[in-house]
>>> print(open('my_file-v6.cif').read())   # mmCIF, C-alpha atoms
data_protein
loop_
_atom_site.label_atom_id
_atom_site.label_comp_id
_atom_site.auth_asym_id
_atom_site.auth_seq_id
_atom_site.Cartn_x
_atom_site.Cartn_y
_atom_site.Cartn_z
CA MET A 1 -37.25 0.89 -18.91
CA VAL A 2 -33.83 -0.17 -20.22
CA GLU A 3 -33.67 2.90 -22.45
CA LEU A 4 -34.48 5.12 -19.51
CA ALA A 5 -31.73 3.48 -17.43
CA ILE A 6 -29.22 4.02 -20.25
CA LEU A 7 -30.26 7.64 -20.54
CA ILE A 8 -29.93 8.25 -16.80
CA GLY A 9 -26.55 6.51 -16.89
CA LEU A 10 -25.36 8.75 -19.71
CA ILE A 11 -26.54 11.86 -17.91
CA ALA A 12 -24.75 10.77 -14.72
CA VAL A 13 -21.53 10.05 -16.63
CA GLY A 14 -21.89 13.41 -18.38
CA TYR A 15 -22.38 15.22 -15.10
CA PHE A 16 -19.53 13.66 -13.14
CA ALA A 17 -16.99 13.44 -15.97
CA GLY A 18 -17.99 16.85 -17.31
CA SER A 19 -17.67 18.68 -14.00
CA ALA A 20 -14.38 16.93 -13.21
CA ALA A 21 -12.99 18.00 -16.59
CA GLU A 22 -14.26 21.53 -16.06
CA ARG A 23 -12.73 21.85 -12.60
CA HIS A 24 -9.43 20.53 -13.91
CA HIS A 25 -9.49 22.91 -16.86
CA TYR A 26 -10.28 25.95 -14.74
CA ARG A 27 -7.41 25.10 -12.39
CA SER A 28 -5.04 24.90 -15.35
CA ILE A 29 -6.40 28.15 -16.81
CA ALA A 30 -5.93 29.99 -13.50
CA GLU A 31 -2.33 28.78 -13.12
CA ARG A 32 -1.34 29.70 -16.65
CA GLU A 33 -3.07 33.08 -16.54
CA GLU A 34 -1.05 33.78 -13.40
CA ALA A 35 2.16 32.78 -15.20
CA PHE A 36 1.37 35.02 -18.18
CA LEU A 37 0.36 38.11 -16.23
CA HIS A 38 3.54 39.82 -17.49
CA LEU A 39 2.30 39.59 -21.09
CA PRO A 40 -0.69 41.87 -21.67
CA ALA A 41 -3.11 41.18 -24.50
CA ILE A 42 -4.96 44.39 -25.27
CA THR A 43 -7.50 45.51 -27.83
CA PHE A 44 -5.72 48.72 -28.89
CA LYS A 45 -5.14 48.87 -32.61
CA SER A 46 -2.02 51.00 -32.72
CA SER A 47 1.35 50.44 -31.14
CA GLU A 48 2.56 54.03 -31.58
CA THR A 49 2.42 54.90 -27.91
CA LEU A 50 4.37 51.80 -26.94
CA GLY A 51 7.77 52.88 -28.20
CA ASP A 52 10.08 51.61 -30.92
CA VAL A 53 8.99 48.27 -32.29
CA ALA A 54 11.74 45.77 -33.02
CA GLU A 55 9.54 43.00 -34.33
CA SER A 56 5.87 42.30 -34.78
CA ARG A 57 4.06 39.19 -35.88
CA LEU A 58 0.67 37.57 -35.97
CA VAL A 59 -0.10 35.20 -33.11
CA THR A 60 -3.14 32.93 -32.93
CA GLY A 61 -4.54 30.62 -30.30
CA CYS A 62 -7.39 28.29 -30.84
CA ALA A 63 -9.35 26.04 -28.47
CA VAL A 64 -12.15 23.58 -29.12
CA ILE A 65 -14.34 22.57 -26.18
CA SER A 66 -17.06 19.95 -26.29
CA VAL A 67 -20.28 19.89 -24.36
CA ASP A 68 -20.95 16.95 -22.04
CA TYR A 69 -24.14 14.90 -22.08
CA PHE A 70 -25.54 16.43 -18.94
CA LYS A 71 -25.07 20.00 -20.20
CA ARG A 72 -26.62 19.10 -23.50
CA ILE A 73 -29.74 17.64 -21.86
CA LEU A 74 -29.93 20.63 -19.55
CA ALA A 75 -29.74 22.99 -22.55
CA GLY A 76 -32.41 20.90 -24.31
CA LEU A 77 -34.75 21.27 -21.35
CA ARG A 78 -33.94 24.97 -21.19
CA ALA A 79 -34.77 25.30 -24.87
CA LEU A 80 -38.35 24.18 -24.12
CA VAL A 81 -39.04 27.06 -21.75
CA GLY A 82 -36.50 29.69 -22.80
CA GLY A 83 -34.10 31.72 -20.69
CA ARG A 84 -30.37 31.89 -20.18
CA VAL A 85 -28.59 28.71 -21.20
CA LYS A 86 -26.39 28.69 -18.14
CA SER A 87 -24.97 25.27 -18.81
CA TYR A 88 -23.20 26.51 -21.94
CA GLU A 89 -21.77 29.68 -20.40
CA SER A 90 -18.78 27.96 -18.84
CA LEU A 91 -17.95 26.21 -22.12
CA ILE A 92 -17.68 29.50 -23.98
CA ASP A 93 -15.77 31.07 -21.11
CA ARG A 94 -13.25 28.22 -20.99
CA ALA A 95 -12.82 28.24 -24.77
CA ARG A 96 -12.12 31.99 -24.88
CA ARG A 97 -9.69 32.01 -21.99
CA GLU A 98 -7.90 28.93 -23.27
CA ALA A 99 -7.62 30.52 -26.74
CA VAL A 100 -6.12 33.71 -25.31
CA LEU A 101 -3.65 31.65 -23.27
CA ARG A 102 -2.59 29.66 -26.31
CA MET A 103 -2.18 32.89 -28.24
CA LYS A 104 0.19 34.15 -25.53
CA GLU A 105 1.98 30.80 -25.52
CA ALA A 106 2.57 31.24 -29.26
CA ASP A 107 5.04 34.02 -28.46
CA PRO A 108 5.88 33.96 -24.77
CA THR A 109 8.78 36.41 -25.07
CA ALA A 110 6.70 39.21 -26.65
CA ASP A 111 6.31 42.45 -24.73
CA ILE A 112 2.67 43.02 -25.57
CA ILE A 113 -0.05 41.68 -27.86
CA VAL A 114 -2.13 44.42 -29.46
CA ASN A 115 -5.32 44.37 -31.50
CA THR A 116 -6.45 41.19 -29.78
CA ARG A 117 -9.65 39.76 -31.22
CA ILE A 118 -11.67 36.70 -30.20
CA GLU A 119 -13.94 34.85 -32.58
CA THR A 120 -16.30 32.08 -31.61
CA SER A 121 -17.89 29.52 -33.86
CA SER A 122 -19.70 26.29 -33.35
CA ILE A 123 -18.17 23.47 -35.34
CA SER A 124 -18.97 19.85 -36.23
CA LYS A 125 -22.58 20.43 -37.11
CA GLY A 126 -24.29 17.23 -38.25
CA PRO A 127 -27.14 16.85 -40.70
CA THR A 128 -29.54 16.60 -37.78
CA ASN A 129 -29.41 17.83 -34.23
CA ARG A 130 -28.82 14.28 -33.01
CA GLU A 131 -25.79 13.54 -35.17
CA SER A 132 -23.91 16.71 -34.37
CA VAL A 133 -21.35 16.92 -31.59
CA GLY A 134 -22.06 20.07 -29.59
CA THR A 135 -18.68 21.74 -29.83
CA ILE A 136 -17.52 25.32 -29.84
CA GLU A 137 -14.29 26.80 -31.09
CA ALA A 138 -12.77 30.03 -29.88
CA LEU A 139 -10.00 31.65 -31.91
CA ALA A 140 -7.95 34.46 -30.41
CA TYR A 141 -5.55 36.40 -32.60
CA GLY A 142 -3.52 39.55 -32.30
CA THR A 143 -0.23 41.22 -33.11
CA ALA A 144 2.67 40.31 -30.86
CA ILE A 145 5.07 43.22 -30.41
CA HIS A 146 8.73 42.99 -29.42
CA LEU A 147 10.00 46.41 -28.37
CA LYS A 148 13.54 47.65 -28.92
CA LYS A 149 15.31 47.27 -25.59
CA GLN A 150 16.43 50.51 -23.95
CA GLY A 151 20.11 51.33 -24.47
CA THR A 152 20.71 49.10 -27.47
CA MET B 1 -0.45 55.05 -20.03
CA LYS B 2 0.60 52.36 -17.66
CA TYR B 3 -0.61 48.81 -17.92
CA THR B 4 -1.23 47.04 -14.65
CA PRO B 5 -1.79 43.30 -14.99
CA ARG B 6 -4.67 41.96 -12.90
CA ARG B 7 -5.77 38.42 -12.40
CA ILE B 8 -9.40 37.48 -12.90
CA THR B 9 -10.91 37.11 -9.46
CA GLU B 10 -14.59 37.23 -10.18
CA ASN B 11 -15.94 35.79 -13.41
CA VAL B 12 -19.07 37.64 -14.48
CA ASN B 13 -19.48 35.53 -17.59
CA ILE B 14 -20.67 32.37 -15.92
CA SER B 15 -23.70 31.95 -13.68
CA LYS B 16 -23.01 30.81 -10.16
CA THR B 17 -26.12 28.66 -9.83
CA SER B 18 -26.08 24.90 -9.31
CA PRO B 19 -26.60 23.10 -12.62
CA LEU B 20 -28.11 20.08 -10.83
CA ARG B 21 -30.75 22.23 -9.22
CA GLU B 22 -31.55 23.85 -12.55
CA PHE B 23 -31.80 20.39 -14.12
CA PHE B 24 -34.27 19.04 -11.59
CA THR B 25 -36.32 22.24 -11.47
CA LEU B 26 -36.70 22.23 -15.25
CA LEU B 27 -37.33 18.49 -15.47
CA LEU B 28 -39.96 18.43 -12.73
CA GLY B 29 -41.61 21.62 -13.98
CA ILE B 30 -41.93 20.35 -17.53
CA LEU B 31 -43.08 16.94 -16.34
CA ALA B 32 -45.69 18.52 -14.07
CA PHE B 33 -46.96 20.59 -16.98
CA LEU B 34 -47.19 17.57 -19.27
CA VAL B 35 -48.85 15.45 -16.61
CA GLY B 36 -51.37 18.26 -16.11
CA VAL B 37 -52.17 18.49 -19.82
CA TYR B 38 -52.30 14.71 -20.02
CA PHE B 39 -54.66 14.56 -17.06
CA LEU B 40 -56.99 17.19 -18.56
CA LEU B 41 -57.03 15.48 -21.93
CA GLY B 42 -57.60 12.18 -20.12
CA LEU B 43 -60.69 13.69 -18.51
CA ALA B 44 -61.86 14.81 -21.94
CA VAL B 45 -61.31 11.27 -23.23
CA ASN B 46 -63.37 9.89 -20.35
CA LEU B 47 -66.20 12.20 -21.37
CA ILE B 48 -65.98 11.33 -25.05
CA ALA B 49 -65.37 7.56 -24.77
CA PRO B 50 -68.91 6.60 -23.67
CA ARG B 51 -70.34 8.55 -26.64
CA ILE B 52 -68.36 6.78 -29.35
CA SER B 53 -70.69 4.69 -31.50
CA THR B 54 -70.01 0.99 -32.03
CA GLY B 55 -69.59 1.68 -35.77
CA LEU B 56 -66.78 4.15 -35.14
CA GLU B 57 -65.31 1.79 -32.56
CA ASP B 58 -65.20 -1.03 -35.12
CA ARG B 59 -63.49 1.22 -37.62
CA LEU B 60 -60.89 2.19 -35.02
CA ALA B 61 -60.48 -1.45 -34.10
CA SER B 62 -59.88 -2.56 -37.69
CA LEU B 63 -56.58 -0.65 -37.52
CA PHE B 64 -54.95 -3.22 -35.30
CA THR B 65 -57.10 -6.35 -35.06
CA ALA B 66 -55.38 -7.76 -38.15
CA TYR B 67 -52.25 -8.05 -36.04
CA TYR B 68 -54.03 -10.21 -33.48
CA ALA B 69 -55.69 -12.32 -36.14
CA ALA B 70 -52.27 -13.16 -37.56
CA GLU B 71 -50.78 -14.03 -34.18
CA GLU B 72 -53.68 -16.19 -33.14
CA ALA B 73 -53.23 -19.91 -32.55
CA GLU B 74 -55.99 -22.15 -33.90
CA SER B 75 -57.15 -24.39 -31.08
CA PRO B 76 -60.23 -26.27 -29.85
CA VAL B 77 -59.89 -24.41 -26.59
CA GLN B 78 -60.80 -21.23 -28.42
CA ALA B 79 -64.20 -22.60 -29.49
CA HIS B 80 -64.82 -23.53 -25.87
CA LEU B 81 -63.83 -20.03 -24.71
CA GLN B 82 -65.97 -18.41 -27.41
CA ALA B 83 -69.03 -20.42 -26.31
CA LEU B 84 -68.38 -19.41 -22.71
CA LEU B 85 -68.00 -15.76 -23.69
CA ASP B 86 -71.24 -15.83 -25.71
CA ASP B 87 -73.07 -17.26 -22.70
CA LEU B 88 -71.70 -14.54 -20.43
CA ALA B 89 -72.46 -11.74 -22.91
CA ALA B 90 -76.03 -13.04 -23.20
CA ALA B 91 -76.29 -13.11 -19.40
CA ALA B 92 -74.98 -9.55 -19.29
CA ASP B 93 -77.44 -8.21 -21.86
CA GLN B 94 -74.46 -6.76 -23.71
CA HIS B 95 -76.15 -7.37 -27.04
CA ASN B 96 -75.13 -4.18 -28.75
CA ARG B 97 -72.22 -5.96 -30.36
CA SER B 98 -70.57 -9.33 -30.85
CA TYR B 99 -67.54 -10.34 -28.81
CA GLN B 100 -64.65 -12.44 -30.05
CA VAL B 101 -62.07 -14.19 -27.94
CA HIS B 102 -58.51 -14.64 -29.24
CA VAL B 103 -55.84 -16.89 -27.81
CA ILE B 104 -52.23 -15.83 -28.35
CA VAL B 105 -49.32 -18.10 -27.55
CA ASP B 106 -47.27 -16.03 -25.12
CA PRO B 107 -46.07 -16.81 -21.61
CA MET B 108 -47.57 -13.53 -20.33
CA VAL B 109 -50.25 -14.04 -17.67
CA ASN B 110 -52.65 -11.41 -18.92
CA ALA B 111 -55.90 -10.73 -20.72
CA VAL B 112 -56.76 -7.58 -22.67
CA ALA B 113 -60.00 -5.94 -23.81
CA LEU B 114 -59.54 -4.22 -27.18
CA PRO B 115 -61.85 -1.95 -29.15
CA GLY B 116 -64.22 -3.80 -31.47
CA GLY B 117 -65.28 -6.37 -28.84
CA HIS B 118 -62.04 -8.33 -28.98
CA ILE B 119 -60.78 -10.10 -25.90
CA VAL B 120 -57.23 -11.40 -26.07
CA LEU B 121 -56.15 -14.14 -23.67
CA TYR B 122 -52.48 -15.03 -23.50
CA SER B 123 -51.74 -18.72 -23.26
CA GLY B 124 -49.66 -18.05 -20.12
CA LEU B 125 -52.90 -17.16 -18.39
CA LEU B 126 -54.68 -20.28 -19.65
CA ASP B 127 -51.85 -22.41 -18.25
CA GLN B 128 -52.65 -21.04 -14.81
CA VAL B 129 -56.40 -21.63 -14.71
CA ARG B 130 -57.89 -24.86 -13.34
CA SER B 131 -61.67 -24.40 -13.49
CA GLU B 132 -64.13 -23.09 -16.06
CA ASN B 133 -65.49 -20.73 -13.42
CA GLU B 134 -62.13 -18.98 -13.21
CA VAL B 135 -62.08 -18.43 -16.96
CA ALA B 136 -65.64 -17.17 -16.81
CA MET B 137 -64.58 -14.74 -14.09
CA ILE B 138 -61.72 -13.45 -16.27
CA LEU B 139 -63.92 -13.13 -19.37
CA GLY B 140 -66.59 -11.44 -17.25
CA HIS B 141 -63.95 -9.03 -15.99
CA GLU B 142 -63.06 -8.10 -19.57
CA LEU B 143 -66.76 -7.74 -20.43
CA GLY B 144 -66.91 -5.37 -17.48
CA HIS B 145 -64.25 -3.23 -19.18
CA PHE B 146 -66.44 -3.17 -22.30
CA ALA B 147 -69.54 -2.30 -20.27
CA ASN B 148 -67.68 0.62 -18.68
CA ARG B 149 -65.99 1.48 -22.00
CA ASP B 150 -62.60 1.34 -20.31
CA HIS B 151 -61.02 -0.05 -23.46
CA LEU B 152 -61.84 3.14 -25.37
CA LYS B 153 -60.59 5.30 -22.52
CA GLY B 154 -57.31 3.39 -22.51
CA LEU B 155 -56.96 3.78 -26.27
CA GLY B 156 -57.85 7.48 -26.05
CA ARG B 157 -55.25 8.14 -23.37
CA GLY B 158 -52.63 6.29 -25.39
CA LEU B 159 -53.45 8.50 -28.36
CA VAL B 160 -53.28 11.62 -26.19
CA LEU B 161 -49.86 10.59 -24.95
CA VAL B 162 -48.46 9.97 -28.42
CA ALA B 163 -49.98 13.17 -29.79
CA LEU B 164 -48.65 15.19 -26.85
CA SER B 165 -45.09 14.03 -27.14
CA ALA B 166 -45.08 14.41 -30.92
CA ALA B 167 -46.66 17.86 -30.96
CA ILE B 168 -45.01 19.59 -28.01
CA LEU B 169 -41.63 17.95 -27.79
CA GLY B 170 -40.83 17.01 -31.37
CA VAL B 171 -39.41 13.63 -32.19
CA ASP B 172 -35.74 14.38 -32.44
CA SER B 173 -34.38 15.82 -29.23
CA LYS B 174 -32.86 13.69 -26.49
CA ALA B 175 -34.62 15.67 -23.79
CA SER B 176 -38.01 14.90 -25.25
CA GLN B 177 -37.18 11.23 -25.50
CA MET B 178 -36.39 11.20 -21.82
CA LEU B 179 -39.68 12.88 -20.94
CA GLN B 180 -41.52 10.49 -23.21
CA SER B 181 -40.06 7.36 -21.68
CA LEU B 182 -40.78 8.70 -18.19
CA LEU B 183 -44.41 9.30 -19.09
CA VAL B 184 -44.81 5.95 -20.80
CA THR B 185 -43.49 3.99 -17.84
CA THR B 186 -45.88 5.67 -15.45
CA GLU B 187 -48.87 5.50 -17.74
CA MET B 188 -51.39 2.89 -16.68
CA ARG B 189 -53.83 1.52 -19.14
CA PHE B 190 -56.67 1.23 -16.67
CA SER B 191 -56.89 2.67 -13.21
CA ARG B 192 -57.19 0.39 -10.21
CA LYS B 193 -60.70 1.64 -9.61
CA GLN B 194 -61.66 0.60 -13.14
CA GLU B 195 -60.18 -2.84 -12.52
CA LEU B 196 -62.13 -3.32 -9.30
CA LEU B 197 -65.34 -2.22 -11.02
CA ALA B 198 -64.67 -4.72 -13.81
CA ASP B 199 -64.08 -7.38 -11.13
CA ALA B 200 -67.48 -6.65 -9.62
CA TRP B 201 -69.06 -6.98 -13.07
CA GLY B 202 -67.24 -10.27 -13.68
CA LEU B 203 -68.50 -11.63 -10.37
CA GLU B 204 -72.05 -10.58 -11.27
CA LEU B 205 -71.86 -12.48 -14.59
CA LEU B 206 -70.28 -15.50 -12.91
CA VAL B 207 -73.18 -15.68 -10.49
CA ARG B 208 -75.72 -15.22 -13.27
CA LYS B 209 -74.22 -18.10 -15.26
CA TYR B 210 -73.46 -20.64 -12.54
CA GLY B 211 -75.79 -19.52 -9.77
CA HIS B 212 -72.90 -19.32 -7.28
CA ALA B 213 -69.59 -17.53 -6.82
CA GLY B 214 -67.32 -20.60 -6.78
CA GLY B 215 -63.98 -19.96 -8.50
CA ALA B 216 -64.30 -16.17 -8.39
CA THR B 217 -61.12 -15.62 -6.40
CA ASP B 218 -59.20 -18.85 -7.16
CA PHE B 219 -57.22 -17.44 -10.07
CA PHE B 220 -56.18 -14.22 -8.33
CA ARG B 221 -55.25 -16.18 -5.23
CA ARG B 222 -53.01 -18.47 -7.29
CA VAL B 223 -51.35 -15.53 -9.03
CA HIS B 224 -50.84 -13.93 -5.63
CA GLU B 225 -49.07 -17.07 -4.32
CA LYS B 226 -46.74 -17.00 -7.32
CA GLU B 227 -46.06 -13.28 -7.13
CA ARG B 228 -45.38 -13.23 -3.40
CA GLY B 229 -42.17 -11.34 -2.70
CA LYS B 230 -42.31 -9.51 -6.01
CA ARG B 231 -44.01 -6.42 -4.66
CA PHE B 232 -41.83 -4.14 -6.75
CA ALA B 233 -43.31 -5.58 -9.93
CA TYR B 234 -46.63 -4.04 -8.95
CA LEU B 235 -45.28 -0.53 -8.69
CA PHE B 236 -46.04 0.09 -12.33
CA ALA B 237 -48.54 -2.74 -12.80
CA THR B 238 -51.80 -2.21 -14.64
CA HIS B 239 -53.73 -4.38 -12.22
CA PRO B 240 -54.22 -3.96 -8.48
CA TYR B 241 -52.48 -6.31 -6.06
CA PRO B 242 -54.19 -9.71 -6.43
CA GLU B 243 -54.42 -9.68 -2.66
CA LYS B 244 -56.58 -6.55 -2.73
CA ARG B 245 -58.77 -7.90 -5.47
CA VAL B 246 -59.35 -11.16 -3.60
CA ARG B 247 -60.25 -9.22 -0.46
CA SER B 248 -62.71 -6.91 -2.16
CA LEU B 249 -64.33 -9.82 -4.04
CA GLU B 250 -64.67 -11.84 -0.84
CA MET B 251 -66.23 -8.87 0.92
CA PHE B 252 -68.69 -8.51 -1.93
CA ILE B 253 -69.62 -12.22 -1.79
CA ARG B 254 -70.11 -12.08 1.98
CA GLU B 255 -72.19 -8.87 1.93
CA ARG B 256 -74.58 -10.16 -0.69
CA GLN B 257 -74.56 -13.66 0.80
CA ILE B 258 -73.81 -15.33 -2.53
CA PRO B 259 -73.44 -19.11 -2.18
CA VAL B 260 -70.07 -20.64 -3.09
CA ASP B 261 -70.26 -24.04 -4.74
CA GLU B 262 -68.19 -26.65 -6.57
CA THR B 263 -66.39 -25.47 -9.72
CA VAL B 264 -66.42 -27.07 -13.16
CA PRO B 265 -62.92 -28.26 -14.19
CA PHE B 266 -61.44 -26.59 -17.24
CA SER B 267 -59.75 -28.88 -19.75
CA ARG B 268 -57.62 -27.68 -22.62
#
>>> encode(input="my_file-v6.cif", output="structure tokens")
Amino acid sequence: MVELAILIGLIAVGYFAGSAAERHHYRSIAEREEAFLHLPAITFKSSETLGDVAESRLVTGCAVISVDYFKRILAGLRALVGGRVKSYESLIDRARREAVLRMKEADPTADIIVNTRIETSSISKGPTNRESVGTIEALAYGTAIHLKKQGT
Amino acid sequence: MKYTPRRITENVNISKTSPLREFFTLLLGILAFLVGVYFLLGLAVNLIAPRISTGLEDRLASLFTAYYAAEEAESPVQAHLQALLDDLAAAADQHNRSYQVHVIVDPMVNAVALPGGHIVLYSGLLDQVRSENEVAMILGHELGHFANRDHLKGLGRGLVLVALSAAILGVDSKASQMLQSLLVTTEMRFSRKQELLADAWGLELLVRKYGHAGGATDFFRRVHEKERGKRFAYLFATHPYPEKRVRSLEMFIRERQIPVDETVPFSR
């Protein structure tokens, strides 16, 4: 009975703290994406059509997001019957968008970031399922281009 | 080519469903499935239990009776109880096996019928009884469980539960642990119907031994007085409300016009 109460308590903490953190994070993501609208990150490989390049450099952005207890239980239940693991979708989404934002923040004065790539990996795997911390990492990287300014 | 920056207005990568609803749908669905399987296997156990031979029962029992033997407190009261139990078993014509009574020092007010003809009385229960007739009623009740083979059904269901959770859910995942603890808390060893049937059997033996029904309801009545106001404790209890048991016993005594006489005091 005590164990059950602890478990329910953990799930409740996971749900309320987890959704509060998620709401907060999405608000921050939306604001910063708005602020960085002027800096496009595209998947084109070449910069030939862009014009004369003054400077180019590698930029990376990396974000690590952890699962909360509620989401983990939900995914565990889902794993019994199969189907889309909806509870993890927002984690991956937040990690990718945060990584792209951090990549842009690495060179905020660039004109464009080309050849943008996003990699995802799950980190902190433990020896057993129980000892691991469900965490995903998203890494965004690309080439930041500074164009020669017209008339110089 | 012109680049037009656009903000993300609709996110197609995340599902717009309520996670809480998904959680409860999954949890209740899986629980319902497990309860269904458990119920079906329980029915199978009820079919098999009466057909288990006493030899097999003794072999099953030897797995855990050593534990009770070690816990047991040596006392003169046990010899008294054993004599009483032998009398009752003889009166019941339950000769197919021998019955042993064990007394365990524990404040719990409970008695258990275990495979192999073992009846365990907790000393907390003995502290509550005043007359020999009450003890006879309790022992008769446990003999009733043996007569109906409830003890094997209880053991079988316990096995089903453990096997189910180990086989389907695995031992490691948090989700399975939650399901397991939910099932265990709601699992009852014997149903209320089984308890009332065992009560009727106990009353029958009491009357056969003493010739009257005195002391049949005294113990349950006393427990009821003590437990008054603790209704919640009976939500998951293995025994029916003492109140209900007293009422059904009294009805039985009245219908069959069994005389009620003086009880024999029980000394420890």
>>> closest_residue(input="my_file-v6.cif", among="A:Lys104, A:His24, A:Asp68, A:Ala35", to="Ile11 (chain A)", atoms="only C-alpha atoms")
A:Asp68
>>> residues_around(input="my_file-v6.cif", residues="region 40-52 of chain A", least_positions_apart="5", cutoff="8 Å", atoms="only C-alpha atoms", output="PyMOL selection string")
(chain A and resi 104+111-117+142+147-148) or (chain B and resi 3+5)
>>> atom_distance(input="my_file-v6.cif", atom1="CA of Ala163 (chain B)", atom2="CA of Tyr69 (chain A)")
27.0 Å
>>> closest_residue(input="my_file-v6.cif", among="A:Ala99, A:Val85, A:Leu74, A:Glu105", to="Arg21 (chain B)", atoms="only C-alpha atoms")
A:Leu74
>>> closest_atom_pairs(input="my_file-v6.cif", of="chain A", to="chain B", cutoff="7 Å", atoms="all atoms listed in the file", output="CSV")
residue,atom,partner,partner_atom,distance
A:Leu4,CA,B:Ser181,CA,6.4
A:Glu34,CA,B:Arg7,CA,6.7
A:Leu37,CA,B:Pro5,CA,5.8
A:His38,CA,B:Pro5,CA,6.8
A:Pro40,CA,B:Pro5,CA,6.9
A:Ile73,CA,B:Ala175,CA,5.6
A:Leu74,CA,B:Phe23,CA,5.7
A:Gly76,CA,B:Ala175,CA,5.7
A:Leu77,CA,B:Ala175,CA,6.1
A:Lys86,CA,B:Ser15,CA,6.1
A:Ser87,CA,B:Pro19,CA,6.8
A:Glu89,CA,B:Ile14,CA,5.3
A:Ser90,CA,B:Ile14,CA,5.6
A:Asp93,CA,B:Asn13,CA,6.8
A:Arg130,CA,B:Ser173,CA,6.9
>>> resolve_selection(input="my_file-v6.cif", expression="the PyMOL selection byres ((chain B and resi 194) around 12)", output="number ranges by chain")
B: 46, 141-142, 144-151, 153-154, 188-193, 195-201, 238-240, 245
>>> write_last_selection(input="my_file-v6.cif", atoms="C-alpha atoms", output="short mmCIF file (atom, residue, chain, number, x, y, z; two decimals), in the coordinates of the input")
data_model
loop_
_atom_site.label_atom_id
_atom_site.label_comp_id
_atom_site.auth_asym_id
_atom_site.auth_seq_id
_atom_site.Cartn_x
_atom_site.Cartn_y
_atom_site.Cartn_z
CA ASN B 46 -63.37 9.89 -20.35
CA HIS B 141 -63.95 -9.03 -15.99
CA GLU B 142 -63.06 -8.10 -19.57
CA GLY B 144 -66.91 -5.37 -17.48
CA HIS B 145 -64.25 -3.23 -19.18
CA PHE B 146 -66.44 -3.17 -22.30
CA ALA B 147 -69.54 -2.30 -20.27
CA ASN B 148 -67.68 0.62 -18.68
CA ARG B 149 -65.99 1.48 -22.00
CA ASP B 150 -62.60 1.34 -20.31
CA HIS B 151 -61.02 -0.05 -23.46
CA LYS B 153 -60.59 5.30 -22.52
CA GLY B 154 -57.31 3.39 -22.51
CA MET B 188 -51.39 2.89 -16.68
CA ARG B 189 -53.83 1.52 -19.14
CA PHE B 190 -56.67 1.23 -16.67
CA SER B 191 -56.89 2.67 -13.21
CA ARG B 192 -57.19 0.39 -10.21
CA LYS B 193 -60.70 1.64 -9.61
CA GLU B 195 -60.18 -2.84 -12.52
CA LEU B 196 -62.13 -3.32 -9.30
CA LEU B 197 -65.34 -2.22 -11.02
CA ALA B 198 -64.67 -4.72 -13.81
CA ASP B 199 -64.08 -7.38 -11.13
CA ALA B 200 -67.48 -6.65 -9.62
CA TRP B 201 -69.06 -6.98 -13.07
CA THR B 238 -51.80 -2.21 -14.64
CA HIS B 239 -53.73 -4.38 -12.22
CA PRO B 240 -54.22 -3.96 -8.48
CA ARG B 245 -58.77 -7.90 -5.47
#
